[in-house]
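File shown here: data_34.pdb, holding PDB, C-alpha atoms.
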```
ATOM      1  CA  MET A 280       0.000   0.000   0.000
ATOM      2  CA  ASP A 281       1.303   3.443  -0.934
ATOM      3  CA  LYS A 282       1.647   5.999   1.811
ATOM      4  CA  TYR A 283       1.394   9.768   1.803
ATOM      5  CA  GLY A 284       1.635  12.073   4.762
ATOM      6  CA  LEU A 285       2.025  15.434   6.409
ATOM      7  CA  ILE A 286       4.956  16.714   8.430
ATOM      8  CA  GLY A 287       4.651  19.666  10.779
ATOM      9  CA  MET A 288       4.021  20.659  14.376
ATOM     10  CA  PRO A 289       1.298  20.791  15.655
ATOM     11  CA  LEU A 290      -1.060  18.850  13.370
ATOM     12  CA  GLY A 291      -4.276  18.771  15.395
ATOM     13  CA  HIS A 292      -5.912  21.194  12.923
ATOM     14  CA  SER A 293      -4.871  19.210   9.819
ATOM     15  CA  PHE A 294      -7.292  19.184   6.893
ATOM     16  CA  SER A 295      -5.169  16.930   4.659
ATOM     17  CA  ILE A 296      -5.499  13.606   6.478
ATOM     18  CA  GLY A 297      -9.314  13.577   6.233
ATOM     19  CA  TYR A 298      -9.331  14.920   2.683
ATOM     20  CA  PHE A 299      -6.850  12.400   1.242
ATOM     21  CA  ASN A 300      -8.069   9.302   3.095
ATOM     22  CA  GLU A 301     -11.613  10.068   1.928
ATOM     23  CA  LYS A 302     -10.319  10.531  -1.628
ATOM     24  CA  PHE A 303      -8.471   7.173  -1.496
ATOM     25  CA  GLU A 304     -11.577   5.392  -0.235
ATOM     26  CA  ASN A 305     -13.949   7.026  -2.759
ATOM     27  CA  GLU A 306     -11.651   6.423  -5.717
ATOM     28  CA  ASN A 307     -10.486   2.913  -4.674
ATOM     29  CA  ILE A 308      -6.869   4.018  -4.444
ATOM     30  CA  ASN A 309      -4.757   1.563  -2.444
ATOM     31  CA  ALA A 310      -3.076   4.171  -0.241
ATOM     32  CA  LYS A 311      -3.300   5.824   3.138
ATOM     33  CA  TYR A 312      -2.389   9.265   4.468
ATOM     34  CA  ILE A 313      -0.654   9.649   7.826
ATOM     35  CA  ASN A 314       0.185  12.634  10.047
ATOM     36  CA  PHE A 315       3.836  12.772  11.117
ATOM     37  CA  GLU A 316       3.948  15.292  13.943
ATOM     38  CA  ILE A 317       7.651  15.942  14.424
ATOM     39  CA  PRO A 318       9.280  18.218  17.028
ATOM     40  CA  ASN A 319      12.103  19.180  14.637
ATOM     41  CA  ILE A 320      12.884  18.837  10.934
ATOM     42  CA  GLU A 321      15.996  16.719  11.658
ATOM     43  CA  THR A 322      13.579  13.784  12.203
ATOM     44  CA  MET A 323      12.377  13.809   8.566
ATOM     45  CA  PRO A 324      15.081  11.508   7.060
ATOM     46  CA  GLU A 325      14.256   8.925   9.743
ATOM     47  CA  ILE A 326      10.544   9.013   8.779
ATOM     48  CA  ILE A 327      11.398   8.506   5.092
ATOM     49  CA  ALA A 328      13.837   5.686   5.875
ATOM     50  CA  SER A 329      11.348   3.840   8.097
ATOM     51  CA  ASN A 330       8.428   4.250   5.645
ATOM     52  CA  PRO A 331       9.695   2.921   2.281
ATOM     53  CA  GLU A 332       6.124   2.978   0.875
ATOM     54  CA  LEU A 333       5.991   6.790   1.139
ATOM     55  CA  LYS A 334       5.355   8.428  -2.245
ATOM     56  CA  GLY A 335       4.781  11.973  -1.107
ATOM     57  CA  LEU A 336       4.581  14.400   1.762
ATOM     58  CA  ASN A 337       2.889  17.682   2.468
ATOM     59  CA  VAL A 338       4.802  20.138   4.629
ATOM     60  CA  THR A 339       3.183  22.608   6.990
ATOM     61  CA  ILE A 340       4.318  25.071   9.648
ATOM     62  CA  PRO A 341       6.974  25.484  10.866
ATOM     63  CA  TYR A 342       9.009  23.535   8.268
ATOM     64  CA  LYS A 343       8.167  24.977   4.822
ATOM     65  CA  GLU A 344      11.516  26.790   4.636
ATOM     66  CA  LYS A 345      13.728  24.504   6.747
ATOM     67  CA  VAL A 346      12.801  21.414   4.692
ATOM     68  CA  ILE A 347      14.598  22.764   1.603
ATOM     69  CA  ASN A 348      17.992  21.718   3.022
ATOM     70  CA  TYR A 349      16.863  18.061   2.977
ATOM     71  CA  LEU A 350      15.784  17.929  -0.684
ATOM     72  CA  ASP A 351      17.631  16.666  -3.768
ATOM     73  CA  GLU A 352      15.700  18.859  -6.211
ATOM     74  CA  ILE A 353      13.346  21.814  -6.059
ATOM     75  CA  SER A 354      10.969  23.206  -8.672
ATOM     76  CA  PRO A 355      11.849  26.656 -10.094
ATOM     77  CA  GLU A 356       8.674  28.115  -8.549
ATOM     78  CA  ALA A 357       9.403  26.743  -5.068
ATOM     79  CA  LYS A 358      12.993  27.992  -5.384
ATOM     80  CA  ALA A 359      11.818  31.503  -6.275
ATOM     81  CA  ILE A 360       9.338  31.466  -3.374
ATOM     82  CA  GLY A 361      11.830  30.015  -0.892
ATOM     83  CA  ALA A 362       9.290  27.620   0.621
ATOM     84  CA  VAL A 363       8.152  24.044  -0.083
ATOM     85  CA  ASN A 364       4.886  22.414   0.966
ATOM     86  CA  VAL A 365       4.884  19.310  -1.275
ATOM     87  CA  ILE A 366       7.597  16.652  -1.576
ATOM     88  CA  ARG A 367       7.555  13.896  -4.192
ATOM     89  CA  ILE A 368       9.478  10.791  -3.121
ATOM     90  CA  SER A 369      10.860   8.529  -5.850
ATOM     91  CA  HIS A 370      13.382   5.688  -5.895
ATOM     92  CA  LYS A 371      16.182   5.094  -8.398
ATOM     93  CA  GLY A 372      17.916   1.879  -7.495
ATOM     94  CA  LYS A 373      18.993   2.281  -3.875
ATOM     95  CA  ASN A 374      18.694   6.067  -4.003
ATOM     96  CA  THR A 375      15.700   7.954  -2.658
ATOM     97  CA  ILE A 376      15.066  11.217  -4.510
ATOM     98  CA  LEU A 377      13.166  14.023  -2.809
ATOM     99  CA  LYS A 378      11.811  16.826  -4.994
ATOM    100  CA  GLY A 379      10.120  19.900  -3.522
ATOM    101  CA  PHE A 380       7.222  21.912  -4.971
ATOM    102  CA  ASN A 381       4.939  24.701  -3.816
ATOM    103  CA  SER A 382       1.210  24.108  -4.255
ATOM    104  CA  ASP A 383       0.213  26.972  -1.921
ATOM    105  CA  VAL A 384       0.889  29.477  -4.702
ATOM    106  CA  ILE A 385      -1.283  27.513  -7.158
ATOM    107  CA  GLY A 386      -4.174  27.220  -4.693
ATOM    108  CA  PHE A 387      -3.970  30.871  -3.699
ATOM    109  CA  THR A 388      -3.718  32.446  -7.158
ATOM    110  CA  ARG A 389      -6.553  30.311  -8.579
ATOM    111  CA  SER A 390      -8.717  31.192  -5.576
ATOM    112  CA  ILE A 391      -8.128  34.961  -5.413
ATOM    113  CA  GLU A 392      -7.825  35.744  -9.143
ATOM    114  CA  PRO A 393     -11.611  35.912  -9.821
ATOM    115  CA  LEU A 394     -11.922  38.579  -7.074
ATOM    116  CA  ILE A 395      -9.168  40.889  -8.369
ATOM    117  CA  GLU A 396     -10.553  44.019 -10.016
ATOM    118  CA  LYS A 397      -8.967  46.959 -11.866
ATOM    119  CA  CYS A 398      -8.894  48.994  -8.644
ATOM    120  CA  HIS A 399      -6.713  46.344  -6.955
ATOM    121  CA  LYS A 400      -3.110  47.307  -7.632
ATOM    122  CA  LYS A 401      -1.395  46.955  -4.249
ATOM    123  CA  ALA A 402      -1.607  44.386  -1.469
ATOM    124  CA  LEU A 403      -0.637  44.104   2.183
ATOM    125  CA  ILE A 404       0.594  40.683   3.301
ATOM    126  CA  LEU A 405       0.119  40.125   7.035
ATOM    127  CA  GLY A 406       2.889  37.869   8.336
ATOM    128  CA  THR A 407       6.336  36.881   7.114
ATOM    129  CA  GLY A 408       6.395  33.053   7.430
ATOM    130  CA  GLY A 409       6.633  30.366   4.730
ATOM    131  CA  ALA A 410       3.026  30.782   3.550
ATOM    132  CA  SER A 411       3.467  34.541   3.121
ATOM    133  CA  LYS A 412       6.302  33.934   0.649
ATOM    134  CA  ALA A 413       4.003  31.925  -1.624
ATOM    135  CA  ILE A 414       1.299  34.603  -1.292
ATOM    136  CA  ASN A 415       3.812  37.315  -2.238
ATOM    137  CA  TYR A 416       4.879  35.347  -5.315
ATOM    138  CA  GLY A 417       1.245  34.716  -6.285
ATOM    139  CA  LEU A 418       0.154  38.348  -5.911
ATOM    140  CA  LYS A 419       3.120  39.565  -7.950
ATOM    141  CA  SER A 420       2.308  37.017 -10.673
ATOM    142  CA  LEU A 421      -1.175  38.591 -10.804
ATOM    143  CA  GLY A 422       0.400  42.029 -11.283
ATOM    144  CA  LEU A 423       0.019  43.456  -7.775
ATOM    145  CA  GLU A 424       2.620  45.396  -5.825
ATOM    146  CA  THR A 425       3.112  43.971  -2.321
ATOM    147  CA  LEU A 426       4.145  45.097   1.133
ATOM    148  CA  PHE A 427       4.727  42.808   4.134
ATOM    149  CA  VAL A 428       3.385  43.670   7.586
ATOM    150  CA  SER A 429       5.087  42.299  10.694
ATOM    151  CA  ARG A 430       4.680  42.689  14.442
ATOM    152  CA  SER A 431       8.430  43.169  14.821
ATOM    153  CA  GLU A 432      10.893  45.304  12.876
ATOM    154  CA  ARG A 433      12.062  43.490   9.761
ATOM    155  CA  PRO A 434      13.688  44.549   6.509
ATOM    156  CA  ASN A 435      11.174  45.080   3.644
ATOM    157  CA  ALA A 436       8.229  45.121   6.058
ATOM    158  CA  ILE A 437       6.226  47.674   8.004
ATOM    159  CA  GLN A 438       4.720  47.309  11.453
ATOM    160  CA  TYR A 439       0.996  47.343  12.186
ATOM    161  CA  ASN A 440       1.139  50.752  13.884
ATOM    162  CA  LYS A 441       2.414  52.253  10.601
ATOM    163  CA  ILE A 442      -0.770  51.327   8.681
ATOM    164  CA  THR A 443      -2.505  54.657   8.184
ATOM    165  CA  PRO A 444      -5.993  55.272   6.735
ATOM    166  CA  GLU A 445      -4.264  56.449   3.535
ATOM    167  CA  LEU A 446      -2.232  53.253   3.305
ATOM    168  CA  ILE A 447      -5.281  51.011   3.741
ATOM    169  CA  LYS A 448      -6.992  52.871   0.856
ATOM    170  CA  GLU A 449      -3.921  52.507  -1.371
ATOM    171  CA  TYR A 450      -3.161  48.869  -0.449
ATOM    172  CA  ASN A 451      -6.775  47.726  -0.764
ATOM    173  CA  VAL A 452      -6.029  43.993  -0.983
ATOM    174  CA  VAL A 453      -5.111  42.529   2.428
ATOM    175  CA  VAL A 454      -4.110  38.886   2.865
ATOM    176  CA  ASN A 455      -3.854  37.434   6.362
ATOM    177  CA  CYS A 456      -1.078  34.806   6.496
ATOM    178  CA  THR A 457      -0.938  34.736  10.310
ATOM    179  CA  PRO A 458      -2.807  32.398  12.699
ATOM    180  CA  CYS A 459      -4.465  35.446  14.336
ATOM    181  CA  GLY A 460      -8.198  34.741  14.608
ATOM    182  CA  MET A 461      -7.929  30.982  14.118
ATOM    183  CA  TYR A 462     -10.075  28.668  16.268
ATOM    184  CA  PRO A 463     -10.077  28.503  19.287
ATOM    185  CA  ARG A 464      -8.970  32.164  19.451
ATOM    186  CA  ALA A 465     -11.684  33.337  17.084
ATOM    187  CA  ASP A 466     -12.243  36.570  19.042
ATOM    188  CA  GLU A 467      -8.901  37.983  17.803
ATOM    189  CA  CYS A 468      -8.068  39.804  14.587
ATOM    190  CA  PRO A 469      -5.091  41.648  13.072
ATOM    191  CA  ASP A 470      -4.798  45.234  14.300
ATOM    192  CA  LEU A 471      -5.884  47.269  11.257
ATOM    193  CA  PRO A 472      -7.872  50.493  10.661
ATOM    194  CA  TYR A 473     -10.937  48.559   9.431
ATOM    195  CA  GLU A 474     -13.159  51.658   9.591
ATOM    196  CA  TYR A 475     -11.323  53.065   6.534
ATOM    197  CA  MET A 476     -12.062  50.049   4.347
ATOM    198  CA  ASP A 477     -14.831  50.212   1.749
ATOM    199  CA  ASN A 478     -16.342  48.328  -1.193
ATOM    200  CA  HIS A 479     -13.001  48.525  -3.071
ATOM    201  CA  THR A 480     -11.268  46.575  -0.290
ATOM    202  CA  LEU A 481     -10.581  42.843  -0.696
ATOM    203  CA  LEU A 482      -9.738  40.812   2.421
ATOM    204  CA  TYR A 483      -8.460  37.270   2.005
ATOM    205  CA  ASP A 484      -7.819  35.096   5.070
ATOM    206  CA  LEU A 485      -5.770  31.897   4.793
ATOM    207  CA  ILE A 486      -7.636  30.705   7.901
ATOM    208  CA  TYR A 487     -10.723  28.547   7.242
ATOM    209  CA  ASN A 488     -11.751  27.745  10.833
ATOM    210  CA  PRO A 489     -13.876  29.674  11.695
ATOM    211  CA  ASP A 490     -15.173  30.146   8.163
ATOM    212  CA  MET A 491     -15.896  33.831   8.881
ATOM    213  CA  THR A 492     -13.012  35.213  10.942
ATOM    214  CA  LEU A 493     -13.270  38.470  12.867
ATOM    215  CA  PHE A 494     -10.854  39.983  10.288
ATOM    216  CA  MET A 495     -13.374  39.116   7.559
ATOM    217  CA  GLN A 496     -16.385  40.236   9.612
ATOM    218  CA  LYS A 497     -14.892  43.661  10.300
ATOM    219  CA  GLY A 498     -14.061  44.176   6.618
ATOM    220  CA  ALA A 499     -17.466  42.960   5.412
ATOM    221  CA  LYS A 500     -19.130  45.446   7.772
ATOM    222  CA  GLN A 501     -17.433  48.237   5.773
ATOM    223  CA  GLY A 502     -18.512  46.740   2.428
ATOM    224  CA  ALA A 503     -15.292  44.850   1.675
ATOM    225  CA  THR A 504     -15.225  41.626  -0.377
ATOM    226  CA  VAL A 505     -14.015  38.802   1.878
ATOM    227  CA  LYS A 506     -12.914  35.197   1.351
ATOM    228  CA  ASN A 507     -11.445  32.497   3.567
ATOM    229  CA  GLY A 508      -8.754  29.924   2.774
ATOM    230  CA  LEU A 509     -10.896  26.795   2.276
ATOM    231  CA  GLU A 510     -10.941  26.895  -1.522
ATOM    232  CA  MET A 511      -7.194  27.576  -1.554
ATOM    233  CA  LEU A 512      -6.716  24.522   0.653
ATOM    234  CA  LEU A 513      -8.745  22.313  -1.693
ATOM    235  CA  LEU A 514      -6.954  23.629  -4.783
ATOM    236  CA  GLN A 515      -3.516  23.112  -3.237
ATOM    237  CA  ALA A 516      -4.520  19.549  -2.277
ATOM    238  CA  PHE A 517      -5.476  18.868  -5.940
ATOM    239  CA  ALA A 518      -2.101  20.289  -7.006
ATOM    240  CA  SER A 519      -0.248  18.135  -4.419
ATOM    241  CA  TRP A 520      -1.796  14.990  -5.906
ATOM    242  CA  GLU A 521      -0.743  16.097  -9.412
ATOM    243  CA  PHE A 522       2.843  16.736  -8.256
ATOM    244  CA  TRP A 523       3.054  13.319  -6.586
ATOM    245  CA  ASN A 524       1.784  11.540  -9.663
ATOM    246  CA  GLU A 525       3.410  13.385 -12.562
ATOM    247  CA  ASP A 526       6.168  11.551 -14.418
TER     248      ASP A 526
END
```
Go ahead and render the structure in this file as structure tokens.
Amino acid sequence: MDKYGLIGMPLGHSFSIGYFNEKFENENINAKYINFEIPNIETMPEIIASNPELKGLNVTIPYKEKVINYLDEISPEAKAIGAVNVIRISHKGKNTILKGFNSDVIGFTRSIEPLIEKCHKKALILGTGGASKAINYGLKSLGLETLFVSRSERPNAIQYNKITPELIKEYNVVVNCTPCGMYPRADECPDLPYEYMDNHTLLYDLIYNPDMTLFMQKGAKQGATVKNGLEMLLLQAFASWEFWNED
């Protein structure tokens, strides 16, 4: 039986295990999907060595960047992004070949593209982790200028207290790549001047639990278009399966 799995920490919130095992059952695919909750990325080679049936892995926080050092190959897109969330495992003789891809960018761009209008030229990206890198790449590929927002001082990023009413009008696409507002802390939201948003504002939240985050609620109240990350998640899962099975 083929195996697929997810590496990350923690994995209690994982969508992938239910999605893929249901897919395997519905489509009579002789495979199973397993969560590998690992305390550090150094454990990954051990998992691959002790599970020779593994054909592919998904990678989630906090390892999307760190995992690159363990790969034999990386797709040009994943290299440009600097983060990997899909690994294809193949065997040539006694050698195990690990190739990294990024399906986050595919899921995100396909999900947000229908909502982008002519008035959307600049975007704020909340957060600076591995997911935010894919979002930055995706937004730029759609022709938007981007600016990162971070809680701490970082190069090429501004802090939340620097987001003025003028800035929120100019950067009228806002993508939340942080866990702020995720269940069970659904009463939290990124610190933004929501009252200056309007019907030209587009808020996209990578969080999908709850399905209407406080970030989205506050924007919608001002007339903003809002969307959560569930469709992105589904689309990136489709793309993962394609990466694992392409020749």
Exercise. Compile the contact shell of Ile353 of chain A as a ChimeraX atom specification: residues with an atom at most 8 Å away, counting only C-alpha atoms, same-chain residues fewer than 6 positions apart removed.
Key: /A:347,378-380
Pro444 of chain A environment, 10 Å, all atoms listed in the file, sequence neighbours closer than 2 positions dropped, as an mmCIF file with C-alpha atoms, keeping the file's coordinate frame:
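New file part_16.cif:
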```cif
data_model
loop_
_atom_site.group_PDB
_atom_site.id
_atom_site.type_symbol
_atom_site.label_atom_id
_atom_site.label_comp_id
_atom_site.auth_asym_id
_atom_site.auth_seq_id
_atom_site.Cartn_x
_atom_site.Cartn_y
_atom_site.Cartn_z
ATOM 1 C CA LYS A 441 2.414 52.253 10.601
ATOM 2 C CA ILE A 442 -0.770 51.327 8.681
ATOM 3 C CA LEU A 446 -2.232 53.253 3.305
ATOM 4 C CA ILE A 447 -5.281 51.011 3.741
ATOM 5 C CA LYS A 448 -6.992 52.871 0.856
ATOM 6 C CA GLU A 449 -3.921 52.507 -1.371
ATOM 7 C CA LEU A 471 -5.884 47.269 11.257
ATOM 8 C CA PRO A 472 -7.872 50.493 10.661
ATOM 9 C CA TYR A 473 -10.937 48.559 9.431
ATOM 10 C CA GLU A 474 -13.159 51.658 9.591
ATOM 11 C CA TYR A 475 -11.323 53.065 6.534
ATOM 12 C CA MET A 476 -12.062 50.049 4.347
#
```
Practice problem: Go ahead and find all residues with at least one atom no further than 10 Å from (-15.2, 32.3, 9.3) in the file's coordinates, using all atoms listed in the file; report them as a list of chain:residue names. | Solution: A:Gly460, A:Met461, A:Tyr462, A:Ala465, A:Asp484, A:Ile486, A:Tyr487, A:Asn488, A:Pro489, A:Asp490, A:Met491, A:Thr492, A:Leu493, A:Phe494, A:Met495, A:Gln496, A:Val505, A:Lys506, A:Asn507, A:Gly508, A:Leu509
Practice problem: Could you tell me which residues the PyMOL selection byres ((chain A and resi 377) around 7) grabs in this file, written as a list in words? | Solution: Leu350, Asp351, Glu352, Ile366, Arg367, Ile368, Ser369, Thr375, Ile376, Lys378 and Gly379 of chain A
Quiz item: What is the distance between atom CA of Gly386 of chain A and atom CA of Tyr283 of chain A, in Å to one decimal?
Solution: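 Here the two named atoms are 19.4 Å from each other.
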Exercise. Just the residues within 9 Å of Leu421 of chain A, please, counting only C-alpha atoms, with nothing from its chain fewer than 3 positions along; format it as a list in words.
Key: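 The contact residues come out as Thr388, Glu392, Ile395, Tyr416, Gly417 and Leu418 of chain A.
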Exercise. Name every residue that the PyMOL selection byres ((chain A and resi 282) around 10) selects in this structure, writing the answer as a PyMOL selection string with chains first and numbers rising.
Key: chain A and resi 280-281+283-284+309-313+330-336
